[in-house]
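For reference, the structure discussed in these notes is given below.
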Amino acid sequence: MGIKEIPGKTKTFIKSLTLRDILNFIIDQWFLECLGIAILIAYLVPNLGKNGGWIAAQYSIIYVCPALIFFVSGLTMDTKVLIQTAALYRIHLVSQIMSYLYTSMFFFVFSYAALMSNDKHINAPILGGFILLGCTPTTIGSNVVFTRNAHGNHAATLIEVTIANLLSPVLSPALISMYMSSSNKWGEFRPGGVAGGYQALYRSVFRQLGLTVFVPLFVGQSLRFIATKQVKWVAEKFKINKFSSVFLILIMWSTFSSGFATGAFGAMTPQSTGLVMMMDFGLYWFFLFSTLVVARGSRKVHFKNKYLESILNFFRFNKRDTIAMCYVVPAKTPALGVPLINALYANHSGISDQMKQMLQIPIILYQIEQLCFSSSSVPVFRRWVRDEEEGAKLEAEEKARVEKSAEADTERIDQSLNSSSSTEVARSEAEVEVADDLVGAEEVHARDLEKQ
């Protein structure tokens with residue numbers, strides 16, 4: 001049947017539906033579109049957003065934008081939920097083990113295999129950068145934004161981000177040294193020691209976490225506690241959660257500006273570029289699906305042995321927690337990874353500034369790919385968790401109905417008790433009055449007898 005045989009109303013419906021779908025798709029992907037524009041601006045005007053550039057992005061962007069992201073989280077997150085989530089040790093333990101040990105192991109294996117191939121067309125600093133990438137902690141801002149947009153447990157994501165970045169000064173240098181001790185070919189890129197000692201690195205990390213995470217989160221939670229109704233109204237009216245995505249775009253714009261300004265991207269060979277793109281793409285999705293299997297795959301497996309069953313239960317999570325883990329485990333942050341590289345190689349005389357920037361390229365490109373993949377997975381996760389959300393909503397409504405019914409029953413009982421009490425009081429008062437009348441009558445009768 002040709003298109004001409006389709007009724008006019010049906011054709012109009014199909015055309016309008018198609019146009020609506022295209023428009024909705026364009027609107028839904030606004031983040032990626034704005035990110036592309038930001039990268040183009042970074043390429044055209046790199047001095048504007050680079051570290052030490054015209055707007056001093058190392059302060060105005062790297063500190064201010066993450067601080068605003070966590071300030072928004074503080075305004076919109078229930079304090080009780082945040083405290084309850086902090087006590088969920090299972091998700092913390094599994095997420096951190098996978099984020100540090102599991103991911104870094106695979107980055108090392110592929111980097112080591114490429115190094116042993118002795119391919120002269122692949123830049124050696126790029127391979128060293130993959131090891132550094134695998135040992136960096138999960139990203140600070142984007143996880144919280146995407147988990148919230150996907151209706152996951154963004155309180156858990158916030159806790160995981162904080163824990164991972166607190167562990168980074170200890171775990172990251174140790175893992176980097178361990179992996180680069182595997183071969184003498186890594187000798188050129190072995191860290192020569194942290195500039196200023198580990199105390200300087202700790203100070204840098206804790207200062208960044210304090211100013212970008214703890215202080216803004218505390219201020220947001222305080223405002224929410226002081227003016228709960230007003231804050232909720234502002235959050236719903238102006239949709240302030242959307243601003244977190246804008247701040248995230250600014251962070252990536254600054255990161256790419258620094259990369260273009262140093263010329264590190266131009267120094268890469270085509271083979272190195274292809275290797276970075278393929279490894280970033282493949283490993284990100286591998287880590288994401290691995291996390292899904294760990295958190296949800298065991299739900300369909302049961303053992304009669306109670307000990308095996310208890311071990312398996314340790315790795316079982318609900319959908320909202322699983323979404324949080326899927327955004328935490330594969331992600332890596334340049335916000336702490338780049339300063340970590342600068343600190344580790346500050347005293348290394350054999351590493352030039354351009355080589356340092358090439359070591360950072362896998363982190364930078366991985367960040368842009370993970371942002372694209374994370375943004376595109378939000379609608380999928382949102383549909384996936386819908387049944388759990390509806391179940392939780394029905395459970396909450398049923399709980400509210402039961403509580404309301406209990407309150408009504410209690411009120412009826414109180415009214416009945418009050419009515420009974422009033423009746424008893426009235427009866428007692430009547431009996432007292434009758435008794436008083438009898439006593440009065442007896443007294444009158446006694447006086448009459450005395451008179452006679």
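Residues are named by chain letter and number: chains run A, B, ... in the order of the structure tokens, numbers start at 1 in each chain, and ligands are numbered from 1 in the order shown.
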List the neighbours of Ile97 of chain A out to 12 Å using only C-alpha atoms; skip same-chain residues closer than 4 positions along the sequence, and give me the result as an NGL selection string.
-> :A and (90-93 or 101-105 or 135 or 137-138 or 160 or 163-164 or 167 or 171 or 291 or 325 or 328-330)
Only N, CA, C and O atoms, please: the residues just picked out, written as a short mmCIF file (atom, residue, chain, number, x, y, z; two decimals), in the first residue's frame.
data_model
loop_
_atom_site.label_atom_id
_atom_site.label_comp_id
_atom_site.auth_asym_id
_atom_site.auth_seq_id
_atom_site.Cartn_x
_atom_site.Cartn_y
_atom_site.Cartn_z
N ARG A 90 27.65 -1.25 52.28
CA ARG A 90 27.83 -2.19 51.18
C ARG A 90 28.10 -1.47 49.86
O ARG A 90 29.04 -1.81 49.14
N ILE A 91 27.29 -0.47 49.56
CA ILE A 91 27.48 0.24 48.30
C ILE A 91 28.79 1.02 48.29
O ILE A 91 29.46 1.15 47.26
N HIS A 92 29.22 1.51 49.47
CA HIS A 92 30.49 2.22 49.54
C HIS A 92 31.65 1.28 49.24
O HIS A 92 32.55 1.61 48.44
N LEU A 93 31.64 0.11 49.86
CA LEU A 93 32.74 -0.83 49.70
C LEU A 93 32.84 -1.35 48.26
O LEU A 93 33.92 -1.34 47.65
N LEU A 101 40.44 -0.46 42.05
CA LEU A 101 41.20 -1.66 41.71
C LEU A 101 40.75 -2.27 40.39
O LEU A 101 41.57 -2.62 39.53
N TYR A 102 39.44 -2.42 40.20
CA TYR A 102 38.91 -3.09 39.01
C TYR A 102 39.22 -2.29 37.74
O TYR A 102 39.77 -2.82 36.77
N THR A 103 38.90 -1.01 37.74
CA THR A 103 39.12 -0.20 36.53
C THR A 103 40.60 0.00 36.24
O THR A 103 41.03 -0.09 35.09
N SER A 104 41.40 0.28 37.27
CA SER A 104 42.83 0.52 37.04
C SER A 104 43.52 -0.72 36.49
O SER A 104 44.45 -0.61 35.67
N MET A 105 43.07 -1.91 36.90
CA MET A 105 43.67 -3.14 36.41
C MET A 105 43.49 -3.28 34.90
O MET A 105 44.44 -3.63 34.17
N CYS A 135 44.00 5.14 37.57
CA CYS A 135 44.25 5.28 39.01
C CYS A 135 43.62 6.54 39.61
O CYS A 135 43.73 6.74 40.83
N PRO A 137 40.50 9.07 40.81
CA PRO A 137 39.19 8.80 41.40
C PRO A 137 38.04 9.16 40.48
O PRO A 137 38.25 9.74 39.40
N THR A 138 36.86 8.83 40.89
CA THR A 138 35.66 9.15 40.12
C THR A 138 35.44 10.65 40.10
O THR A 138 35.88 11.38 40.98
N GLU A 160 29.78 8.61 47.54
CA GLU A 160 30.86 7.88 46.86
C GLU A 160 31.91 8.83 46.31
O GLU A 160 33.12 8.55 46.38
N ILE A 163 34.07 10.02 49.26
CA ILE A 163 34.97 8.97 49.75
C ILE A 163 36.12 8.75 48.76
O ILE A 163 37.30 8.66 49.15
N ALA A 164 35.79 8.65 47.47
CA ALA A 164 36.81 8.36 46.46
C ALA A 164 37.87 9.44 46.41
O ALA A 164 39.07 9.15 46.31
N LEU A 167 40.21 9.28 49.40
CA LEU A 167 41.17 8.17 49.31
C LEU A 167 42.26 8.41 48.26
O LEU A 167 43.33 7.80 48.32
N LEU A 171 45.74 6.27 47.63
CA LEU A 171 45.65 5.14 46.71
C LEU A 171 46.24 5.43 45.33
O LEU A 171 46.93 4.58 44.76
N THR A 291 29.34 -3.31 35.99
CA THR A 291 28.68 -2.82 37.21
C THR A 291 27.24 -3.29 37.27
O THR A 291 26.74 -3.69 38.33
N MET A 325 25.83 3.52 41.13
CA MET A 325 27.09 2.80 40.91
C MET A 325 27.52 2.85 39.45
O MET A 325 28.71 2.94 39.15
N VAL A 328 29.24 6.07 38.99
CA VAL A 328 30.43 6.26 39.83
C VAL A 328 31.60 5.43 39.34
O VAL A 328 32.71 5.93 39.18
N VAL A 329 31.38 4.13 39.09
CA VAL A 329 32.48 3.20 38.82
C VAL A 329 33.24 3.54 37.53
O VAL A 329 34.48 3.62 37.55
N PRO A 330 32.59 3.73 36.37
CA PRO A 330 33.37 3.96 35.15
C PRO A 330 34.00 5.35 35.05
O PRO A 330 34.92 5.54 34.26
#
Tell me, as a ChimeraX atom specification, which residues lie within 7 Å of segment 259-262 of chain A, counting only C-alpha atoms; anything in the same chain fewer than 3 positions away does not count.
-> /A:43,46-47,50,255-256,265,354,357
Contacts between segment 367-380 of chain A and segment 133-163 of chain A, please, where a residue of segment 133-163 of chain A counts if it comes within 7 Å (with only C-alpha atoms); show its shortest atom pair and distance in Å to one decimal, rows by chain and ascending number, as CSV.
residue,atom,partner,partner_atom,distance
A:Phe146,CA,A:Val378,CA,6.7
A:Asn149,CA,A:Val378,CA,6.6
A:Ala150,CA,A:Val378,CA,4.8
Could you save those same residues with C-alpha atoms as a CSV table (one decimal), in the first residue's frame?
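File produced: part-v2.csv:
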chain,number,residue,atom,x,y,z
A,146,PHE,CA,23.5,12.6,35.8
A,149,ASN,CA,18.6,13.3,36.1
A,150,ALA,CA,18.3,9.5,35.8
Write down as an MDAnalysis selection string the residues belonging to segment 49-146 of chain A that are assigned helix (DSSP H, G or I) by DSSP computed on the backbone.
-> chainID A and resid 49 57:60 64:76 79:86 89:116 124:135 142:146
Selection near Ser142 of chain A, 12 Å with only C-alpha atoms, sequence-local residues under 6 positions removed, as a VMD selection string | chain A and resid 31 65 to 66 69 to 70 73 148 to 149 154 157 to 158 161 243 to 252 324 327 to 328 331 to 335 367 to 368 370 to 375
Can I get the selected residues back with C-alpha atoms, as a compact mmCIF listing (two decimals), in the first residue's frame?
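The file below, selection.txt, is the result:
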# COMPACT_ATOMS: atom_id res chain seq x y z
CA PHE A 31 23.65 19.14 27.09
CA CYS A 65 31.59 25.58 39.26
CA PRO A 66 31.93 22.38 41.37
CA ILE A 69 26.98 22.04 41.77
CA PHE A 70 27.22 20.81 45.37
CA SER A 73 22.69 19.41 45.77
CA ARG A 148 19.83 12.93 39.73
CA ASN A 149 18.65 13.32 36.13
CA HIS A 154 22.14 10.74 43.93
CA THR A 157 26.64 9.19 44.42
CA LEU A 158 27.51 12.24 46.48
CA VAL A 161 32.40 10.93 45.21
CA PHE A 243 22.05 24.79 36.46
CA SER A 244 24.33 21.94 37.57
CA SER A 245 24.58 20.76 33.96
CA VAL A 246 25.57 24.27 32.85
CA PHE A 247 28.34 24.41 35.47
CA LEU A 248 29.56 21.02 34.25
CA ILE A 249 29.83 22.32 30.68
CA LEU A 250 31.94 25.23 31.92
CA ILE A 251 34.33 22.79 33.65
CA MET A 252 34.83 20.84 30.41
CA ALA A 324 24.40 5.49 41.19
CA TYR A 327 27.77 6.52 37.09
CA VAL A 328 30.43 6.26 39.83
CA ALA A 331 33.90 7.70 35.64
CA LYS A 332 37.29 9.40 36.10
CA THR A 333 37.88 13.02 36.99
CA PRO A 334 40.33 15.49 35.43
CA ALA A 335 39.52 17.90 38.26
CA GLN A 367 36.03 12.79 30.30
CA ILE A 368 34.39 14.08 27.13
CA GLN A 370 32.01 9.64 29.45
CA LEU A 371 29.98 12.84 29.49
CA CYS A 372 28.47 11.97 26.11
CA PHE A 373 27.77 8.37 27.10
CA SER A 374 26.42 9.32 30.53
CA SER A 375 24.12 11.93 29.06
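Of the listed residues (A:Ser177, A:Gln230, A:Asn241, A:Thr269), A:Thr269 comes nearest to Lys120 of chain A; the distances count only C-alpha atoms.
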Shell around segment 306-321 of chain A at 12 Å using only C-alpha atoms, local window under 2 positions removed, as a ChimeraX atom specification | /A:85,88-95,98,147-160,291-304,323-328,381-389,391-392
10 Å contact set for Phe106 of chain A, only C-alpha atoms, chain neighbours under 3 positions out, as a list of chain:residue names | A:Leu101, A:Tyr102, A:Thr103, A:Val109, A:Phe110, A:Ser111, A:Tyr112, A:Phe130, A:Ile131, A:Gly134, A:Leu283, A:Phe286, A:Phe287
Shell of 7 Å around Ser172 of chain A, only C-alpha atoms, local chain residues under 4 positions omitted, as a VMD selection string | chain A and resid 135 to 136 168 176
Have a look at A:Phe206, A:Trp30, A:Leu75, A:Phe238 and name the one nearest to Phe225 of chain A; count only C-alpha atoms.
->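 Smallest distance to Phe225 of chain A is found for A:Leu75.
The residue that comes closest to Phe281 of chain A, out of A:Leu365, A:Ile39, A:Leu217, A:Leu359 and on the basis of only C-alpha atoms, is A:Leu365.
Counting only C-alpha atoms and comparing A:Gln271, A:Ala400, A:Thr162, A:Lys356, the residue that lies closest to Thr139 of chain A is A:Thr162.
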Nearest to Ile37 of chain A by atom-to-atom distance, counting only C-alpha atoms, from A:Trp253, A:Asn118, A:Thr76, A:Phe25 = A:Trp253
